[in-house]
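Shown next: start07.cif, containing mmCIF, C-alpha atoms.
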data_structure
loop_
_atom_site.label_atom_id
_atom_site.label_comp_id
_atom_site.auth_asym_id
_atom_site.auth_seq_id
_atom_site.Cartn_x
_atom_site.Cartn_y
_atom_site.Cartn_z
CA MET A 1 34.58 -61.41 51.96
CA ALA A 2 32.87 -60.75 55.28
CA ALA A 3 30.03 -58.96 53.48
CA PHE A 4 29.43 -62.04 51.32
CA LEU A 5 29.57 -64.42 54.30
CA VAL A 6 27.14 -62.34 56.36
CA GLY A 7 24.90 -61.93 53.32
CA TYR A 8 24.86 -65.71 52.80
CA VAL A 9 23.88 -66.34 56.42
CA LEU A 10 21.16 -63.68 56.36
CA ARG A 11 19.79 -64.94 53.07
CA ARG A 12 19.63 -68.48 54.41
CA ALA A 13 17.69 -67.12 57.39
CA GLY A 14 15.38 -65.13 55.09
CA LEU A 15 16.21 -61.90 56.87
CA ALA A 16 18.21 -59.62 54.61
CA THR A 17 17.63 -59.68 50.91
CA GLU A 18 16.07 -61.14 47.80
CA ASP A 19 19.47 -61.23 46.07
CA GLU A 20 21.05 -64.58 45.29
CA LEU A 21 24.59 -63.39 46.01
CA PRO A 22 24.32 -60.50 48.48
CA PRO A 23 25.54 -57.81 48.57
CA LEU A 24 25.57 -58.11 44.75
CA HIS A 25 22.39 -58.38 42.71
CA ALA A 26 23.78 -61.39 40.89
CA ARG A 27 24.37 -65.12 41.15
CA PHE A 28 27.41 -67.38 41.33
CA ARG A 29 28.74 -69.09 38.19
CA VAL A 30 32.05 -70.29 36.77
CA LEU A 31 33.56 -69.31 33.42
CA THR A 32 36.64 -71.11 32.08
CA TRP A 33 37.83 -70.70 28.46
CA GLN A 34 35.27 -67.94 27.87
CA ILE A 35 37.32 -65.50 29.95
CA VAL A 36 40.54 -66.04 27.93
CA PRO A 37 39.96 -63.23 25.35
CA ALA A 38 39.34 -60.76 28.19
CA ALA A 39 42.49 -61.96 29.97
CA CYS A 40 44.51 -61.37 26.79
CA ALA A 41 43.04 -57.88 26.43
CA ALA A 42 43.93 -57.16 30.06
CA ALA A 43 47.53 -58.27 29.54
CA VAL A 44 47.89 -55.95 26.54
CA ALA A 45 46.31 -53.05 28.43
CA VAL A 46 48.59 -53.50 31.47
CA ALA A 47 51.64 -53.56 29.20
CA VAL A 48 50.68 -50.68 26.89
CA LEU A 49 48.66 -48.15 28.91
CA PRO A 50 51.51 -46.95 31.21
CA TYR A 51 53.72 -46.40 28.17
CA ALA A 52 50.94 -44.57 26.31
CA ALA A 53 50.23 -42.40 29.36
CA ARG A 54 53.84 -41.22 29.38
CA ARG A 55 54.58 -40.86 25.67
CA MET A 56 51.44 -39.98 23.71
CA SER A 57 50.17 -36.47 23.11
CA TRP A 58 47.31 -35.47 25.39
CA ARG A 59 44.55 -35.58 22.77
CA ALA A 60 45.76 -38.87 21.34
CA LEU A 61 45.96 -40.30 24.85
CA LEU A 62 42.36 -39.35 25.59
CA LEU A 63 41.11 -41.01 22.42
CA THR A 64 43.27 -44.07 23.02
CA SER A 65 42.04 -44.39 26.60
CA TRP A 66 38.41 -44.06 25.51
CA GLY A 67 38.97 -46.72 22.86
CA ALA A 68 40.76 -49.01 25.29
CA ALA A 69 37.96 -48.64 27.84
CA SER A 70 35.38 -49.45 25.17
CA VAL A 71 37.23 -52.55 23.99
CA TRP A 72 37.81 -53.72 27.56
CA THR A 73 34.12 -53.25 28.38
CA VAL A 74 32.90 -55.11 25.30
CA VAL A 75 35.39 -57.98 25.57
CA LEU A 76 34.45 -58.54 29.20
CA ALA A 77 30.74 -58.61 28.35
CA LEU A 78 31.24 -60.95 25.39
CA SER A 79 32.60 -63.63 27.70
CA ASP A 80 28.90 -64.23 28.41
CA GLY A 81 28.11 -64.75 24.72
CA LEU A 82 27.40 -62.69 21.62
CA GLY A 83 24.04 -61.49 22.92
CA ALA A 84 25.41 -60.27 26.23
CA LEU A 85 25.56 -56.61 25.21
CA ARG A 86 21.86 -56.28 24.46
CA ARG A 87 20.44 -59.01 26.72
CA PRO A 88 20.13 -56.82 29.85
CA LEU A 89 18.12 -54.22 27.94
CA ASP A 90 15.79 -56.92 26.58
CA ALA A 91 14.56 -57.77 30.09
CA PRO A 92 10.85 -57.01 30.74
CA THR A 93 11.83 -54.84 33.73
CA GLU A 94 13.99 -52.47 31.67
CA TYR A 95 13.35 -49.16 29.90
CA PRO A 96 12.88 -50.44 26.32
CA ALA A 97 9.96 -52.61 27.41
CA GLY A 98 8.03 -49.45 28.34
CA LEU A 99 8.74 -47.39 25.22
CA GLY A 100 5.37 -48.18 23.67
CA ALA A 101 3.60 -45.69 25.93
CA VAL A 102 6.07 -42.94 24.95
CA ARG A 103 5.76 -43.58 21.21
CA ALA A 104 2.01 -43.06 21.34
CA ASP A 105 2.16 -39.57 22.87
CA PRO A 106 5.52 -38.32 24.24
CA LEU A 107 4.15 -35.06 25.66
CA GLY A 108 1.15 -36.80 27.20
CA TRP A 109 3.47 -39.43 28.66
CA ILE A 110 5.52 -36.75 30.41
CA ARG A 111 2.40 -34.96 31.63
CA THR A 112 0.88 -38.12 33.15
CA PHE A 113 4.18 -39.75 34.16
CA THR A 114 3.62 -39.52 37.90
CA GLU A 115 -0.04 -40.57 37.82
CA GLU A 116 0.63 -43.60 35.60
CA LEU A 117 3.89 -44.61 37.27
CA HIS A 118 2.50 -47.80 38.82
CA GLY A 119 1.84 -49.24 35.35
CA TYR A 120 5.39 -48.88 34.03
CA THR A 121 8.33 -51.29 34.12
CA THR A 122 10.57 -51.54 37.19
CA HIS A 123 13.36 -49.28 35.98
CA ILE A 124 11.02 -46.63 34.59
CA ARG A 125 9.22 -46.57 37.96
CA GLY A 126 12.52 -46.12 39.76
CA HIS A 127 13.71 -43.11 37.75
CA PRO A 128 12.59 -39.74 36.38
CA PRO A 129 11.40 -39.62 32.75
CA LEU A 130 14.65 -38.57 31.03
CA PRO A 131 16.37 -41.99 30.64
CA THR A 132 13.32 -43.37 28.86
CA LEU A 133 13.11 -40.25 26.70
CA VAL A 134 16.76 -40.68 25.69
CA LEU A 135 16.06 -44.18 24.35
CA TRP A 136 12.90 -42.90 22.63
CA ALA A 137 14.97 -40.14 20.99
CA LEU A 138 17.43 -42.73 19.68
CA GLU A 139 14.54 -44.51 18.01
CA GLU A 140 13.28 -41.25 16.54
CA VAL A 141 16.61 -40.61 14.79
CA GLY A 142 16.58 -44.12 13.32
CA LEU A 143 18.70 -46.01 15.88
CA ARG A 144 16.03 -48.55 16.73
CA GLY A 145 16.43 -51.64 18.88
CA THR A 146 18.38 -52.58 22.00
CA GLY A 147 21.56 -53.15 19.99
CA TRP A 148 21.80 -49.45 19.19
CA SER A 149 20.79 -48.55 22.75
CA ALA A 150 23.56 -50.77 24.13
CA ALA A 151 26.15 -49.22 21.80
CA PHE A 152 25.07 -45.72 22.83
CA ILE A 153 25.20 -46.52 26.56
CA ILE A 154 28.64 -48.12 26.27
CA ALA A 155 30.02 -45.23 24.19
CA ILE A 156 28.80 -42.60 26.65
CA GLY A 157 29.80 -44.62 29.72
CA THR A 158 33.33 -45.32 28.53
CA SER A 159 33.80 -41.71 27.43
CA SER A 160 33.79 -40.84 31.13
CA VAL A 161 37.42 -42.01 31.23
CA ALA A 162 38.37 -39.05 29.04
CA ALA A 163 36.02 -36.62 30.80
CA ILE A 164 37.31 -37.44 34.29
CA ALA A 165 40.91 -37.20 33.10
CA MET A 166 40.19 -33.81 31.52
CA THR A 167 38.73 -32.60 34.81
CA ALA A 168 41.75 -33.89 36.73
CA ARG A 169 44.06 -32.10 34.29
CA SER A 170 42.17 -28.83 34.74
CA VAL A 171 42.33 -28.87 38.53
CA ALA A 172 45.50 -30.86 39.30
CA GLY A 173 47.70 -30.72 36.21
CA GLU A 174 48.47 -33.03 33.33
CA ASP A 175 50.88 -35.26 35.22
CA ALA A 176 48.21 -36.33 37.72
CA ALA A 177 45.69 -36.92 34.92
CA ARG A 178 48.16 -39.07 32.97
CA ARG A 179 48.90 -41.17 36.06
CA ALA A 180 45.19 -41.72 36.65
CA LEU A 181 44.17 -42.70 33.11
CA PRO A 182 45.36 -46.35 33.09
CA PHE A 183 43.53 -46.92 36.38
CA LEU A 184 40.36 -45.31 35.03
CA VAL A 185 40.44 -47.66 32.04
CA LEU A 186 41.00 -50.82 34.10
CA ALA A 187 38.79 -50.02 37.09
CA PRO A 188 36.64 -53.05 38.06
CA LEU A 189 33.50 -50.91 37.79
CA THR A 190 33.87 -51.48 34.02
CA LEU A 191 31.96 -54.73 34.58
CA TRP A 192 28.73 -52.75 34.97
CA ILE A 193 29.19 -50.41 32.01
CA ALA A 194 27.68 -52.98 29.62
CA THR A 195 24.82 -52.72 29.72
CA SER A 196 23.38 -50.62 32.54
CA MET A 197 21.70 -47.25 32.08
CA ASP A 198 23.78 -46.08 35.04
CA ALA A 199 26.71 -45.99 32.59
CA LEU A 200 24.84 -43.23 30.78
CA PHE A 201 24.48 -41.38 34.09
CA LEU A 202 28.23 -41.83 34.66
CA GLY A 203 29.03 -40.25 31.29
CA ALA A 204 26.59 -37.37 31.72
CA GLY A 205 27.94 -36.50 35.16
CA ALA A 206 31.57 -36.81 34.06
CA TRP A 207 31.11 -34.48 31.08
CA ALA A 208 29.16 -32.01 33.21
CA ALA A 209 32.14 -31.77 35.56
CA ALA A 210 34.66 -31.67 32.69
CA LEU A 211 32.87 -28.77 30.99
CA THR A 212 32.56 -26.96 34.32
CA ALA A 213 36.32 -27.28 34.72
CA ARG A 214 36.91 -25.54 31.38
CA ARG A 215 36.38 -22.14 33.12
CA GLY A 216 36.51 -20.08 29.92
CA GLY A 217 34.10 -20.21 27.00
CA LEU A 218 30.37 -19.65 27.15
CA LEU A 219 29.70 -22.73 25.03
CA ALA A 220 31.35 -24.91 27.67
CA ALA A 221 29.34 -23.13 30.37
CA ALA A 222 26.10 -23.76 28.47
CA GLY A 223 26.94 -27.44 27.95
CA ALA A 224 27.89 -27.89 31.59
CA GLY A 225 24.69 -26.20 32.71
CA LEU A 226 22.44 -28.31 30.49
CA LEU A 227 24.07 -31.53 31.66
CA LEU A 228 23.96 -30.50 35.32
CA GLY A 229 20.30 -29.58 34.97
CA ALA A 230 19.60 -32.96 33.37
CA LEU A 231 21.23 -35.05 36.12
CA PRO A 232 18.30 -35.06 38.61
CA TYR A 233 15.98 -35.95 35.71
CA LEU A 234 18.14 -38.94 34.79
CA SER A 235 18.22 -40.39 38.30
CA TYR A 236 16.98 -39.24 41.69
CA GLY A 237 20.17 -40.73 43.12
CA LEU A 238 22.32 -38.19 41.26
CA LEU A 239 21.37 -35.28 43.49
CA PRO A 240 24.43 -35.76 45.79
CA PHE A 241 26.60 -35.84 42.66
CA PHE A 242 26.51 -32.04 42.64
CA ALA A 243 29.25 -32.16 45.29
CA ILE A 244 31.71 -32.98 42.47
CA PRO A 245 31.03 -30.01 40.15
CA LEU A 246 30.87 -27.82 43.26
CA ALA A 247 34.38 -28.98 44.16
CA VAL A 248 35.45 -28.19 40.58
CA VAL A 249 34.06 -24.65 40.89
CA VAL A 250 35.90 -24.12 44.18
CA LEU A 251 39.15 -25.35 42.66
CA THR A 252 38.97 -23.55 39.31
CA ARG A 253 37.24 -20.29 40.34
CA PRO A 254 35.50 -19.60 37.01
CA SER A 255 34.39 -16.11 36.08
CA ARG A 256 31.02 -14.73 37.14
CA ARG A 257 29.94 -14.63 33.51
CA PHE A 258 30.75 -18.33 33.11
CA LEU A 259 28.79 -19.18 36.27
CA ALA A 260 25.84 -17.04 35.20
CA VAL A 261 25.54 -18.86 31.86
CA LEU A 262 26.00 -22.24 33.58
CA LEU A 263 23.25 -21.56 36.13
CA CYS A 264 20.82 -20.21 33.53
CA CYS A 265 21.28 -23.27 31.33
CA ALA A 266 21.07 -25.58 34.35
CA ALA A 267 17.64 -24.12 35.09
CA ALA A 268 16.44 -24.78 31.53
CA VAL A 269 15.95 -28.53 31.96
CA PRO A 270 13.87 -28.35 35.18
CA LEU A 271 11.86 -25.54 33.61
CA ALA A 272 11.15 -27.59 30.48
CA PHE A 273 9.99 -30.63 32.46
CA THR A 274 7.89 -28.52 34.81
CA LEU A 275 6.18 -26.77 31.90
CA GLY A 276 5.69 -30.20 30.33
CA GLY A 277 3.72 -31.33 33.38
CA PHE A 278 6.33 -33.28 35.38
CA TRP A 279 7.03 -31.88 38.84
CA TRP A 280 10.24 -33.42 40.19
CA LEU A 281 9.15 -33.60 43.84
CA ASP A 282 5.95 -35.40 42.86
CA GLY A 283 8.09 -37.87 40.94
CA VAL A 284 10.24 -38.49 44.01
CA ALA A 285 7.15 -39.07 46.15
CA ALA A 286 5.53 -41.42 43.63
CA THR A 287 8.73 -43.42 43.17
CA HIS A 288 9.14 -43.71 46.94
CA GLU A 289 5.57 -44.97 47.20
CA THR A 290 6.10 -47.69 44.60
CA TYR A 291 9.46 -48.51 46.22
CA ALA A 292 7.88 -48.92 49.67
CA VAL A 293 5.27 -51.42 48.50
CA SER A 294 7.62 -53.36 46.21
CA ARG A 295 9.10 -56.74 47.00
CA GLY A 296 12.54 -55.58 45.92
CA SER A 297 14.93 -53.02 47.40
CA ALA A 298 12.58 -51.91 50.17
CA GLN A 299 12.67 -55.43 51.64
CA ARG A 300 16.45 -55.41 51.92
CA SER A 301 18.00 -55.00 55.36
CA TYR A 302 19.23 -51.44 55.96
CA ALA A 303 21.51 -52.62 58.79
CA TYR A 304 23.26 -55.09 56.49
CA PHE A 305 23.50 -53.01 53.32
CA VAL A 306 24.67 -49.80 55.00
CA PHE A 307 27.94 -51.67 55.62
CA ALA A 308 27.84 -54.16 52.73
CA ASN A 309 27.50 -51.31 50.22
CA ILE A 310 30.95 -50.10 51.29
CA ALA A 311 32.35 -53.55 50.50
CA VAL A 312 30.83 -53.29 47.03
CA LEU A 313 32.43 -49.85 46.61
CA ALA A 314 35.80 -51.44 47.38
CA LEU A 315 35.04 -53.98 44.65
CA LEU A 316 34.15 -51.23 42.18
CA VAL A 317 37.31 -49.19 42.68
CA GLY A 318 39.72 -52.07 43.26
CA PRO A 319 42.68 -52.68 45.60
CA ALA A 320 44.93 -50.11 43.95
CA THR A 321 42.46 -47.37 44.81
CA ALA A 322 41.86 -48.71 48.31
CA HIS A 323 45.60 -48.79 48.98
CA ALA A 324 46.00 -45.22 47.72
CA LEU A 325 43.12 -44.00 49.90
CA ALA A 326 44.62 -45.64 52.97
CA ARG A 327 47.97 -43.89 52.56
CA ALA A 328 48.34 -40.57 54.37
CA PRO A 329 48.80 -37.72 53.87
CA PHE A 330 47.09 -37.16 50.51
CA ARG A 331 49.58 -34.82 48.89
CA ASP A 332 47.60 -33.87 45.76
CA ARG A 333 45.00 -31.48 47.19
CA PRO A 334 42.87 -30.99 44.03
CA ILE A 335 42.56 -34.76 43.48
CA ALA A 336 41.69 -35.13 47.16
CA TRP A 337 38.86 -32.62 46.68
CA LEU A 338 37.38 -34.57 43.77
CA VAL A 339 37.72 -37.92 45.52
CA GLY A 340 36.33 -36.46 48.75
CA ALA A 341 33.34 -34.95 46.96
CA ALA A 342 32.51 -38.34 45.40
CA LEU A 343 32.82 -40.05 48.79
CA ILE A 344 30.54 -37.45 50.40
CA GLY A 345 27.91 -38.19 47.73
CA LEU A 346 28.24 -41.92 48.31
CA LEU A 347 28.01 -41.51 52.07
CA ALA A 348 24.79 -39.50 51.67
CA LEU A 349 23.24 -42.21 49.51
CA ASP A 350 24.37 -44.98 51.83
CA LEU A 351 23.30 -43.52 55.17
CA SER A 352 19.96 -42.31 53.78
CA GLY A 353 19.07 -45.83 52.66
CA VAL A 354 18.23 -44.52 49.18
CA THR A 355 20.59 -47.10 47.68
CA ARG A 356 19.96 -50.33 49.52
CA GLY A 357 21.67 -52.91 47.34
CA GLU A 358 22.42 -52.96 43.60
CA VAL A 359 25.07 -50.30 44.20
CA GLU A 360 27.45 -52.13 41.86
CA ARG A 361 25.60 -50.26 39.09
CA ILE A 362 23.96 -47.35 40.96
CA TRP A 363 27.23 -46.08 42.44
CA ILE A 364 29.39 -46.16 39.28
CA PRO A 365 28.82 -42.42 38.54
CA TYR A 366 30.53 -41.71 41.88
CA ALA A 367 32.99 -44.62 42.11
CA ALA A 368 34.79 -43.62 38.90
CA TRP A 369 35.84 -40.37 40.60
CA VAL A 370 37.13 -42.28 43.63
CA VAL A 371 39.45 -44.18 41.26
CA LEU A 372 41.33 -40.90 40.75
CA ALA A 373 43.01 -41.64 44.09
CA ALA A 374 45.04 -44.33 42.31
CA ALA A 375 46.98 -41.52 40.61
CA ARG A 376 49.13 -41.59 43.75
CA HIS A 377 50.88 -44.73 42.49
CA ALA A 378 54.15 -43.88 40.77
CA PRO A 379 54.16 -44.91 37.09
CA PRO A 380 54.31 -47.36 35.46
CA ALA A 381 52.57 -49.13 38.40
CA ARG A 382 51.99 -52.23 36.29
CA GLY A 383 51.74 -54.40 39.38
CA TRP A 384 48.78 -52.42 40.67
CA LEU A 385 47.21 -52.29 37.20
CA ALA A 386 47.55 -56.07 36.93
CA THR A 387 45.87 -56.43 40.32
CA GLN A 388 42.96 -54.28 39.15
CA ALA A 389 42.59 -56.32 35.96
CA ALA A 390 42.88 -59.63 37.82
CA LEU A 391 40.10 -58.65 40.23
CA THR A 392 37.90 -57.62 37.30
CA LEU A 393 38.51 -60.91 35.52
CA GLY A 394 37.89 -62.88 38.71
CA VAL A 395 34.54 -61.20 39.33
CA GLN A 396 33.48 -61.67 35.71
CA ALA A 397 34.40 -65.36 35.85
CA LEU A 398 32.56 -66.07 39.10
CA VAL A 399 29.62 -63.65 39.14
CA LEU A 400 26.74 -63.41 36.66
CA SER A 401 25.22 -59.97 36.98
CA HIS A 402 21.81 -58.88 35.70
CA TRP A 403 23.61 -56.06 33.82
#
Let's see the structure in the file written out as structure tokens.
Amino acid sequence: MAAFLVGYVLRRAGLATEDELPPLHARFRVLTWQIVPAACAAAVAVAVLPYAARRMSWRALLLTSWGAASVWTVVLALSDGLGALRRPLDAPTEYPAGLGAVRADPLGWIRTFTEELHGYTTHIRGHPPLPTLVLWALEEVGLRGTGWSAAFIIAIGTSSVAAIAMTARSVAGEDAARRALPFLVLAPLTLWIATSMDALFLGAGAWAAALTARRGGLLAAAGAGLLLGALPYLSYGLLPFFAIPLAVVVLTRPSRRFLAVLLCCAAAVPLAFTLGGFWWLDGVAATHETYAVSRGSAQRSYAYFVFANIAVLALLVGPATAHALARAPFRDRPIAWLVGAALIGLLALDLSGVTRGEVERIWIPYAAWVVLAAARHAPPARGWLATQAALTLGVQALVLSHW
């Protein structure tokens, strides 16, 4: 609450931010009857998920949790109307608006990406080429339009629930993973899964860590390597994310053969982009240049957002996670490693000023791992789950986000 009050005062004084409701990139609104379907879905999830986490087989539980997360995400978004799932991607600042240049000459677009950056839409300017290429690839296989793009982003983003649980099971055991799953499904960060490209980054990072945790199997090593190599080409802000798979490697101690295949495949993506004409460091420099002269994030107050971002993180993970983090000692060492690695990544982004506002979407690839701390609550923990759902519903009813 203090972050919102200070943000309001600074905005009134014209000192801190362009955002209407700092520290969120959103505005205030009030929903009434529109939130009822989401409230009903939340009630069912709070009642059923703890039972499912205890009684279902592991594979069935993963599929059920993924499905529940998808339904919860979609129902929340639909409280803003039937077009809410695709509306964010239809904005002129988003990736789809810049796909015309890629369609004309994909290889030439990659080769000249840095030089032509100033002419692209806001989100293309703020990221490496890969997110735009993913949407172009969807079109190429026949999934044209922002409706298909939204469905793809939501499917990949919500699948992170299963991927993070699989990682937790590999490093900390099945009991800890089962305790965490209901909290992963009902985490407030779900509000920014539909429809933000950062949900795609969340899914890619989660599956990279999950495959790394598999330890055996060269196919898993290759998949993990390709995804890890792709992360910096999805978002420059994913570089600190490597703390999480590094923690997984320390905890699981995979074989040298597994690591060799992983590292070779991880190098394949940077090599492909470099040979294609895109040099990552030049992309960083060009994006920083456009960022510095923009009227957006660069104009936001570092002094305010370095603290306000932490308040937004608390909103993303919810009170159940915050309460679990505040309790000491943290008895489950492997979970503590994963949560700690995510927090280290977030701290690096926050203190560096790389993420100055809009972290409600930018930080979700990290915040989902922090939610693992909620596994400390003894099942069924329906009170804490209800608190998480109530916060999510409250934010959806009172805040209209751009995503």
Query raised in the report: Mind telling me what the PyMOL selection byres ((chain A and resi 345) around 10) catches here, as a list in words?
Result: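 Listing what the PyMOL selection byres ((chain A and resi 345) around 10) selects in the shown file: Gly237, Leu238, Leu239, Pro240, Phe241, Phe242, Ala243, Ile244, Gly340, Ala341, Ala342, Leu343, Ile344, Leu346, Leu347, Ala348, Leu349, Asp350, Trp363, Tyr366 and Ala367 of chain A.
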Report task. In Å, rounded to a single decimal, give me how far atom CA of A:Ala208 is from atom CA of A:Leu61. Result ->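 Pair atom CA of A:Leu61 / atom CA of A:Ala208 returns 20.5 Å.
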Considering all atoms listed in the file, tabulate each residue of stretch 177-234 of chain A that lies at most 12 Å from stretch 296-314 of chain A along with its nearest interatomic pair and the corresponding distance in Å to one decimal; arrange the rows by chain and ascending residue number and present them as CSV.
residue,atom,partner,partner_atom,distance
A:Ala187,CA,A:Ala314,CA,10.8
A:Pro188,CA,A:Ala314,CA,9.5
A:Leu189,CA,A:Leu313,CA,8.9
Query raised in the report: What's the 7 Å shell around stretch 78-95 of chain A, counting all atoms listed in the file, without same-chain residues fewer than 2 positions away, as a list in words?
Result: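 The contact residues come out as Gln34, Ile35, Val74, Val75, Leu76, Ala97, Gly98, Leu99, Thr121, Thr122, His123, Ile124, Thr132, Thr146, Gly147, Ala150, Ala194, Thr195, His402 and Trp403 of chain A.
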Would you kindly translate the PyMOL selection byres ((chain A and resi 68) around 10) into the concrete residues it picks from this file, as a JSON list (two decimals) with C-alpha atoms, in the frame of the given file?
[["chain", "number", "residue", "atom", "x", "y", "z"],
["A", 41, "ALA", "CA", 43.04, -57.88, 26.43],
["A", 42, "ALA", "CA", 43.93, -57.16, 30.06],
["A", 45, "ALA", "CA", 46.31, -53.05, 28.43],
["A", 49, "LEU", "CA", 48.66, -48.15, 28.91],
["A", 62, "LEU", "CA", 42.36, -39.35, 25.59],
["A", 63, "LEU", "CA", 41.11, -41.01, 22.42],
["A", 64, "THR", "CA", 43.27, -44.07, 23.02],
["A", 65, "SER", "CA", 42.04, -44.39, 26.60],
["A", 66, "TRP", "CA", 38.41, -44.06, 25.51],
["A", 67, "GLY", "CA", 38.97, -46.72, 22.86],
["A", 69, "ALA", "CA", 37.96, -48.64, 27.84],
["A", 70, "SER", "CA", 35.38, -49.45, 25.17],
["A", 71, "VAL", "CA", 37.23, -52.55, 23.99],
["A", 72, "TRP", "CA", 37.81, -53.72, 27.56],
["A", 73, "THR", "CA", 34.12, -53.25, 28.38],
["A", 74, "VAL", "CA", 32.90, -55.11, 25.30],
["A", 158, "THR", "CA", 33.33, -45.32, 28.53],
["A", 161, "VAL", "CA", 37.42, -42.01, 31.23],
["A", 182, "PRO", "CA", 45.36, -46.35, 33.09],
["A", 185, "VAL", "CA", 40.44, -47.66, 32.04],
["A", 186, "LEU", "CA", 41.00, -50.82, 34.10]]
**Report entry** Test item: residues at most 12 Å from A:Val395, only C-alpha atoms, excluding those fewer than 2 positions along its chain, as a ChimeraX atom specification
**Finding:** /A:24,26-31,35,76-77,188-192,312,315-316,318,360,388-393,397-401
Include C-alpha atoms and write out the residues we just selected as a PDB file, in the coordinates of the input.
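The resulting file, again_18.pdb, is reproduced below:
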ATOM      1  CA  LEU A  24      25.570 -58.110  44.750  1.00  0.00           C
ATOM      2  CA  ALA A  26      23.780 -61.390  40.890  1.00  0.00           C
ATOM      3  CA  ARG A  27      24.370 -65.120  41.150  1.00  0.00           C
ATOM      4  CA  PHE A  28      27.410 -67.380  41.330  1.00  0.00           C
ATOM      5  CA  ARG A  29      28.740 -69.090  38.190  1.00  0.00           C
ATOM      6  CA  VAL A  30      32.050 -70.290  36.770  1.00  0.00           C
ATOM      7  CA  LEU A  31      33.560 -69.310  33.420  1.00  0.00           C
ATOM      8  CA  ILE A  35      37.320 -65.500  29.950  1.00  0.00           C
ATOM      9  CA  LEU A  76      34.450 -58.540  29.200  1.00  0.00           C
ATOM     10  CA  ALA A  77      30.740 -58.610  28.350  1.00  0.00           C
ATOM     11  CA  PRO A 188      36.640 -53.050  38.060  1.00  0.00           C
ATOM     12  CA  LEU A 189      33.500 -50.910  37.790  1.00  0.00           C
ATOM     13  CA  THR A 190      33.870 -51.480  34.020  1.00  0.00           C
ATOM     14  CA  LEU A 191      31.960 -54.730  34.580  1.00  0.00           C
ATOM     15  CA  TRP A 192      28.730 -52.750  34.970  1.00  0.00           C
ATOM     16  CA  VAL A 312      30.830 -53.290  47.030  1.00  0.00           C
ATOM     17  CA  LEU A 315      35.040 -53.980  44.650  1.00  0.00           C
ATOM     18  CA  LEU A 316      34.150 -51.230  42.180  1.00  0.00           C
ATOM     19  CA  GLY A 318      39.720 -52.070  43.260  1.00  0.00           C
ATOM     20  CA  GLU A 360      27.450 -52.130  41.860  1.00  0.00           C
ATOM     21  CA  GLN A 388      42.960 -54.280  39.150  1.00  0.00           C
ATOM     22  CA  ALA A 389      42.590 -56.320  35.960  1.00  0.00           C
ATOM     23  CA  ALA A 390      42.880 -59.630  37.820  1.00  0.00           C
ATOM     24  CA  LEU A 391      40.100 -58.650  40.230  1.00  0.00           C
ATOM     25  CA  THR A 392      37.900 -57.620  37.300  1.00  0.00           C
ATOM     26  CA  LEU A 393      38.510 -60.910  35.520  1.00  0.00           C
ATOM     27  CA  ALA A 397      34.400 -65.360  35.850  1.00  0.00           C
ATOM     28  CA  LEU A 398      32.560 -66.070  39.100  1.00  0.00           C
ATOM     29  CA  VAL A 399      29.620 -63.650  39.140  1.00  0.00           C
ATOM     30  CA  LEU A 400      26.740 -63.410  36.660  1.00  0.00           C
ATOM     31  CA  SER A 401      25.220 -59.970  36.980  1.00  0.00           C
TER      32      SER A 401
END
**Report entry** Selection under test: the PyMOL selection byres ((chain A and resi 280) around 12); residues as an NGL selection string
**Finding:** :A and (110-111 or 113-114 or 127-130 or 229-236 or 239 or 269-279 or 281-287)
Please identify all polymer residues lying at most 9 Å from the point (39.7, -43.8, 44.5) (file coordinates), using all atoms listed in the file, and present the result as a PDB file with C-alpha atoms, in the coordinates of the input.
ATOM      1  CA  VAL A 317      37.310 -49.190  42.680  1.00  0.00           C
ATOM      2  CA  GLY A 318      39.720 -52.070  43.260  1.00  0.00           C
ATOM      3  CA  ALA A 320      44.930 -50.110  43.950  1.00  0.00           C
ATOM      4  CA  THR A 321      42.460 -47.370  44.810  1.00  0.00           C
ATOM      5  CA  ALA A 322      41.860 -48.710  48.310  1.00  0.00           C
ATOM      6  CA  HIS A 323      45.600 -48.790  48.980  1.00  0.00           C
ATOM      7  CA  ALA A 324      46.000 -45.220  47.720  1.00  0.00           C
ATOM      8  CA  LEU A 325      43.120 -44.000  49.900  1.00  0.00           C
ATOM      9  CA  VAL A 339      37.720 -37.920  45.520  1.00  0.00           C
ATOM     10  CA  LEU A 343      32.820 -40.050  48.790  1.00  0.00           C
ATOM     11  CA  ALA A 367      32.990 -44.620  42.110  1.00  0.00           C
ATOM     12  CA  ALA A 368      34.790 -43.620  38.900  1.00  0.00           C
ATOM     13  CA  TRP A 369      35.840 -40.370  40.600  1.00  0.00           C
ATOM     14  CA  VAL A 370      37.130 -42.280  43.630  1.00  0.00           C
ATOM     15  CA  VAL A 371      39.450 -44.180  41.260  1.00  0.00           C
ATOM     16  CA  LEU A 372      41.330 -40.900  40.750  1.00  0.00           C
ATOM     17  CA  ALA A 373      43.010 -41.640  44.090  1.00  0.00           C
ATOM     18  CA  ALA A 374      45.040 -44.330  42.310  1.00  0.00           C
ATOM     19  CA  ALA A 375      46.980 -41.520  40.610  1.00  0.00           C
TER      20      ALA A 375
END
**Report entry** Given only C-alpha atoms as the counted atoms, nearest of A:Leu211, A:Ala165, A:Ile193, A:Val102 to A:Leu181
**Finding:**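 Comparing A:Leu211, A:Ala165, A:Ile193, A:Val102 against A:Leu181, the winner is A:Ala165.
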Query raised in the report: Using all atoms listed in the file, which residues sit within 9 Å of A:Gly203 once same-chain residues fewer than 5 positions away are excluded, as a PyMOL selection string?
Result: chain A and resi 153+155-161+163+198+208+365
**Report entry** Shortest interatomic distance to A:Glu20 - which of A:Ala381, A:Gly223, A:Glu358, A:Met56, counting only C-alpha atoms
**Finding:**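 When distances to A:Glu20 are compared using only C-alpha atoms, the smallest one comes from A:Glu358.
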